[in-house]
Amino acid sequence: MHLCQPITLSGRTATLVPLSAGHHDELVQATQDGELWRLWYTAIPDPAGMAAEIRRRLDLQDKGSMLPFAVIDNGSGQAVGMTTYMNIDSGNRRLEIGSTWYRRRVQRTALNTECKLMLLGHAFETLHCIAVEFRTHFFNK
């Protein structure tokens, strides 16, 4: 099974939708909540670099190595961050979950937990992956 097919995953607090250039303005607003690009332990684009980051992720999707999502807060209907399936290896049915960031106001809420559960459930139950790995920095608490 090809692991890079765009899909929407819906939960109670969040919806993961295929990332597109149309999410640009909301994602720029999300990074400004806490000036996330200034965090030393992660690579979140500054507002001027958001379009390039969206293009980079979509280019990797076209190459079959990433499936990027915009994370939509169901309460506001706004994009509040991004997450991905990355380093996808369809032949060996494995992938990683990472390149995740959220605006400050939704960090440490149920939103991330639900997003990770949706990604894990889809990877194992629908895509029939045999290995899923989280990619995160040790400082991410």
# chains A, B, ... in the order shown; residues from 1 in each chain; ligands from 1
>>> closest_atom_pairs(of="range 49-92 of chain A", to="range 17-30 of chain A", cutoff="7 Å", atoms="only C-alpha atoms", output="JSON lines")
{"residue": "A:Met50", "atom": "CA", "partner": "A:Val28", "partner_atom": "CA", "distance": 6.6}
{"residue": "A:Ala51", "atom": "CA", "partner": "A:His24", "partner_atom": "CA", "distance": 6.4}
{"residue": "A:Ile54", "atom": "CA", "partner": "A:Ala21", "partner_atom": "CA", "distance": 6.5}
{"residue": "A:Pro68", "atom": "CA", "partner": "A:Leu19", "partner_atom": "CA", "distance": 5.6}
{"residue": "A:Phe69", "atom": "CA", "partner": "A:Leu19", "partner_atom": "CA", "distance": 4.6}
{"residue": "A:Ala70", "atom": "CA", "partner": "A:Leu19", "partner_atom": "CA", "distance": 4.8}
{"residue": "A:Val71", "atom": "CA", "partner": "A:Val17", "partner_atom": "CA", "distance": 6.6}
{"residue": "A:Gln78", "atom": "CA", "partner": "A:Glu26", "partner_atom": "CA", "distance": 6.6}
{"residue": "A:Ala79", "atom": "CA", "partner": "A:Glu26", "partner_atom": "CA", "distance": 5.6}
{"residue": "A:Val80", "atom": "CA", "partner": "A:Ala30", "partner_atom": "CA", "distance": 5.4}
{"residue": "A:Gly81", "atom": "CA", "partner": "A:Leu27", "partner_atom": "CA", "distance": 6.2}
>>> write_last_selection(atoms="C-alpha atoms", output="PDB file, in the first residue's frame")
ATOM      1  CA  MET A  50       6.395  29.857   5.868  1.00  0.00           C
ATOM      2  CA  ALA A  51       5.652  29.660   2.124  1.00  0.00           C
ATOM      3  CA  ILE A  54       4.985  24.583   2.950  1.00  0.00           C
ATOM      4  CA  PRO A  68       2.166  16.702   5.655  1.00  0.00           C
ATOM      5  CA  PHE A  69      -0.933  17.834   7.523  1.00  0.00           C
ATOM      6  CA  ALA A  70      -2.250  21.164   8.710  1.00  0.00           C
ATOM      7  CA  VAL A  71      -3.655  20.772  12.214  1.00  0.00           C
ATOM      8  CA  GLN A  78      -8.213  27.674  12.358  1.00  0.00           C
ATOM      9  CA  ALA A  79      -4.915  26.007  11.470  1.00  0.00           C
ATOM     10  CA  VAL A  80      -2.827  25.923  14.653  1.00  0.00           C
ATOM     11  CA  GLY A  81       0.209  23.964  13.468  1.00  0.00           C
TER      12      GLY A  81
END
>>> select_by_dssp(residues="range 9-134 of chain A", states="helix (DSSP H, G or I)", output="PyMOL selection string")
chain A and resi 21-32+36-38+47-62+90-92+104-106+110-126
>>> write_last_selection(atoms="N, CA and C atoms", output="short mmCIF file (atom, residue, chain, number, x, y, z; two decimals), in the first residue's frame")
data_model
loop_
_atom_site.label_atom_id
_atom_site.label_comp_id
_atom_site.auth_asym_id
_atom_site.auth_seq_id
_atom_site.Cartn_x
_atom_site.Cartn_y
_atom_site.Cartn_z
N ALA A 21 -1.00 25.29 0.26
CA ALA A 21 -0.59 26.70 0.30
C ALA A 21 -1.68 27.58 0.89
N GLY A 22 -2.92 27.14 0.82
CA GLY A 22 -4.03 27.89 1.38
C GLY A 22 -3.99 28.03 2.89
N HIS A 23 -3.17 27.24 3.57
CA HIS A 23 -3.03 27.33 5.02
C HIS A 23 -2.01 28.39 5.44
N HIS A 24 -1.32 28.98 4.49
CA HIS A 24 -0.20 29.88 4.77
C HIS A 24 -0.52 30.94 5.83
N ASP A 25 -1.55 31.74 5.61
CA ASP A 25 -1.80 32.88 6.50
C ASP A 25 -2.12 32.44 7.93
N GLU A 26 -2.92 31.39 8.08
CA GLU A 26 -3.24 30.91 9.43
C GLU A 26 -2.01 30.33 10.11
N LEU A 27 -1.14 29.66 9.35
CA LEU A 27 0.08 29.11 9.95
C LEU A 27 1.05 30.21 10.34
N VAL A 28 1.12 31.28 9.56
CA VAL A 28 1.94 32.43 9.95
C VAL A 28 1.43 32.99 11.28
N GLN A 29 0.11 33.16 11.40
CA GLN A 29 -0.46 33.64 12.66
C GLN A 29 -0.12 32.69 13.81
N ALA A 30 -0.17 31.41 13.54
CA ALA A 30 0.13 30.42 14.59
C ALA A 30 1.57 30.56 15.08
N THR A 31 2.52 30.79 14.18
CA THR A 31 3.92 30.92 14.62
C THR A 31 4.13 32.17 15.44
N GLN A 32 3.31 33.19 15.21
CA GLN A 32 3.47 34.45 15.93
C GLN A 32 3.00 34.35 17.37
N LEU A 36 7.49 31.28 17.73
CA LEU A 36 8.01 29.91 17.77
C LEU A 36 9.30 29.73 17.00
N TRP A 37 9.56 30.52 15.98
CA TRP A 37 10.78 30.38 15.19
C TRP A 37 12.02 30.70 16.00
N ARG A 38 11.85 31.32 17.16
CA ARG A 38 13.01 31.66 18.01
C ARG A 38 13.45 30.51 18.92
N PRO A 47 7.73 33.96 9.93
CA PRO A 47 6.64 34.30 8.99
C PRO A 47 7.11 34.42 7.54
N ALA A 48 8.27 34.98 7.31
CA ALA A 48 8.76 35.15 5.94
C ALA A 48 9.13 33.83 5.28
N GLY A 49 9.40 32.80 6.08
CA GLY A 49 9.81 31.51 5.54
C GLY A 49 8.70 30.47 5.45
N MET A 50 7.48 30.84 5.83
CA MET A 50 6.39 29.86 5.87
C MET A 50 6.07 29.30 4.48
N ALA A 51 6.00 30.15 3.47
CA ALA A 51 5.65 29.66 2.12
C ALA A 51 6.68 28.64 1.65
N ALA A 52 7.96 28.91 1.91
CA ALA A 52 9.02 27.98 1.50
C ALA A 52 8.90 26.66 2.26
N GLU A 53 8.54 26.72 3.55
CA GLU A 53 8.40 25.48 4.33
C GLU A 53 7.22 24.65 3.84
N ILE A 54 6.13 25.31 3.51
CA ILE A 54 4.99 24.58 2.95
C ILE A 54 5.39 23.93 1.64
N ARG A 55 6.08 24.67 0.78
CA ARG A 55 6.55 24.10 -0.51
C ARG A 55 7.48 22.93 -0.28
N ARG A 56 8.40 23.05 0.70
CA ARG A 56 9.35 21.97 0.99
C ARG A 56 8.61 20.70 1.38
N ARG A 57 7.63 20.84 2.25
CA ARG A 57 6.88 19.66 2.69
C ARG A 57 6.07 19.06 1.54
N LEU A 58 5.49 19.91 0.72
CA LEU A 58 4.71 19.40 -0.42
C LEU A 58 5.62 18.75 -1.47
N ASP A 59 6.83 19.28 -1.65
CA ASP A 59 7.79 18.65 -2.56
C ASP A 59 8.17 17.26 -2.05
N LEU A 60 8.38 17.12 -0.74
CA LEU A 60 8.69 15.81 -0.17
C LEU A 60 7.51 14.86 -0.32
N GLN A 61 6.30 15.38 -0.24
CA GLN A 61 5.12 14.54 -0.49
C GLN A 61 5.14 14.05 -1.93
N ASP A 62 5.44 14.94 -2.87
CA ASP A 62 5.49 14.54 -4.28
C ASP A 62 6.54 13.45 -4.52
N SER A 90 7.41 2.91 2.12
CA SER A 90 6.23 2.10 1.78
C SER A 90 6.59 0.63 1.61
N GLY A 91 7.74 0.35 1.02
CA GLY A 91 8.14 -1.03 0.78
C GLY A 91 8.28 -1.85 2.04
N ASN A 92 8.72 -1.20 3.11
CA ASN A 92 8.88 -1.89 4.39
C ASN A 92 7.78 -1.55 5.39
N ARG A 104 1.41 28.41 20.52
CA ARG A 104 1.60 28.29 21.96
C ARG A 104 0.30 27.99 22.71
N ARG A 105 -0.80 28.62 22.35
CA ARG A 105 -2.03 28.48 23.15
C ARG A 105 -2.60 27.06 23.15
N VAL A 106 -2.20 26.21 22.19
CA VAL A 106 -2.71 24.83 22.19
C VAL A 106 -1.65 23.81 22.62
N ALA A 110 -5.08 18.69 25.04
CA ALA A 110 -5.51 17.41 24.48
C ALA A 110 -5.32 17.35 22.97
N LEU A 111 -5.15 18.49 22.32
CA LEU A 111 -5.05 18.52 20.86
C LEU A 111 -3.90 17.65 20.36
N ASN A 112 -2.71 17.79 20.92
CA ASN A 112 -1.57 17.00 20.45
C ASN A 112 -1.78 15.51 20.71
N THR A 113 -2.28 15.18 21.88
CA THR A 113 -2.53 13.78 22.20
C THR A 113 -3.49 13.16 21.19
N GLU A 114 -4.56 13.87 20.90
CA GLU A 114 -5.53 13.35 19.94
C GLU A 114 -4.91 13.22 18.54
N CYS A 115 -4.13 14.22 18.13
CA CYS A 115 -3.49 14.14 16.81
C CYS A 115 -2.58 12.92 16.71
N LYS A 116 -1.77 12.69 17.74
CA LYS A 116 -0.87 11.54 17.71
C LYS A 116 -1.65 10.23 17.68
N LEU A 117 -2.74 10.14 18.45
CA LEU A 117 -3.55 8.92 18.43
C LEU A 117 -4.18 8.70 17.06
N MET A 118 -4.65 9.77 16.41
CA MET A 118 -5.21 9.62 15.07
C MET A 118 -4.14 9.15 14.09
N LEU A 119 -2.94 9.73 14.17
CA LEU A 119 -1.86 9.34 13.26
C LEU A 119 -1.44 7.89 13.49
N LEU A 120 -1.30 7.49 14.76
CA LEU A 120 -0.93 6.11 15.06
C LEU A 120 -2.02 5.14 14.60
N GLY A 121 -3.27 5.45 14.92
CA GLY A 121 -4.36 4.57 14.52
C GLY A 121 -4.42 4.39 13.01
N HIS A 122 -4.30 5.48 12.27
CA HIS A 122 -4.34 5.39 10.81
C HIS A 122 -3.15 4.59 10.28
N ALA A 123 -1.97 4.83 10.85
CA ALA A 123 -0.77 4.13 10.38
C ALA A 123 -0.89 2.62 10.58
N PHE A 124 -1.33 2.20 11.75
CA PHE A 124 -1.39 0.77 12.04
C PHE A 124 -2.65 0.11 11.48
N GLU A 125 -3.79 0.74 11.65
CA GLU A 125 -5.06 0.10 11.32
C GLU A 125 -5.44 0.22 9.84
N THR A 126 -5.11 1.33 9.21
CA THR A 126 -5.51 1.54 7.82
C THR A 126 -4.35 1.28 6.86
#
>>> atom_distance(atom1="CA of Val132 in chain A", atom2="CA of Ala43 in chain A")
21.7 Å
>>> select_by_dssp(residues="range 7-140 of chain A", states="strand (DSSP E or B)", output="ChimeraX atom specification")
/A:9-10,14-18,66-73,78-89,94-102,131-134
>>> write_last_selection(atoms="C-alpha atoms", output="mmCIF file, in the first residue's frame")
data_model
loop_
_atom_site.group_PDB
_atom_site.id
_atom_site.type_symbol
_atom_site.label_atom_id
_atom_site.label_comp_id
_atom_site.auth_asym_id
_atom_site.auth_seq_id
_atom_site.Cartn_x
_atom_site.Cartn_y
_atom_site.Cartn_z
ATOM 1 C CA LEU A 9 -8.385 12.529 9.941
ATOM 2 C CA SER A 10 -11.060 13.953 12.250
ATOM 3 C CA ALA A 14 -8.655 18.538 16.066
ATOM 4 C CA THR A 15 -8.800 17.651 12.403
ATOM 5 C CA LEU A 16 -5.738 16.789 10.321
ATOM 6 C CA VAL A 17 -6.147 17.948 6.735
ATOM 7 C CA PRO A 18 -3.749 17.700 3.804
ATOM 8 C CA MET A 66 6.356 12.789 3.536
ATOM 9 C CA LEU A 67 2.639 13.236 4.116
ATOM 10 C CA PRO A 68 2.166 16.702 5.655
ATOM 11 C CA PHE A 69 -0.933 17.834 7.523
ATOM 12 C CA ALA A 70 -2.250 21.164 8.710
ATOM 13 C CA VAL A 71 -3.655 20.772 12.214
ATOM 14 C CA ILE A 72 -7.064 22.423 12.536
ATOM 15 C CA ASP A 73 -8.404 23.320 15.986
ATOM 16 C CA GLN A 78 -8.213 27.674 12.358
ATOM 17 C CA ALA A 79 -4.915 26.007 11.470
ATOM 18 C CA VAL A 80 -2.827 25.923 14.653
ATOM 19 C CA GLY A 81 0.209 23.964 13.468
ATOM 20 C CA MET A 82 1.600 21.211 11.290
ATOM 21 C CA THR A 83 2.505 17.553 11.679
ATOM 22 C CA THR A 84 3.695 14.881 9.267
ATOM 23 C CA TYR A 85 4.251 11.303 8.434
ATOM 24 C CA MET A 86 7.887 11.483 7.349
ATOM 25 C CA ASN A 87 10.758 9.291 6.190
ATOM 26 C CA ILE A 88 8.088 7.072 4.680
ATOM 27 C CA ASP A 89 9.245 3.648 3.527
ATOM 28 C CA ARG A 94 7.276 1.941 8.117
ATOM 29 C CA LEU A 95 7.119 5.662 8.753
ATOM 30 C CA GLU A 96 7.919 8.307 11.319
ATOM 31 C CA ILE A 97 5.697 10.908 12.950
ATOM 32 C CA GLY A 98 7.390 14.248 13.410
ATOM 33 C CA SER A 99 8.064 17.778 12.181
ATOM 34 C CA THR A 100 5.225 18.755 14.485
ATOM 35 C CA TRP A 101 4.645 22.190 15.908
ATOM 36 C CA TYR A 102 1.671 24.008 17.424
ATOM 37 C CA ALA A 131 6.786 0.138 12.466
ATOM 38 C CA VAL A 132 6.053 3.728 13.470
ATOM 39 C CA GLU A 133 8.659 5.915 15.150
ATOM 40 C CA PHE A 134 8.279 9.306 16.808
#
>>> atom_distance(atom1="CA of His2 in chain A", atom2="CA of Ile44 in chain A")
27.9 Å
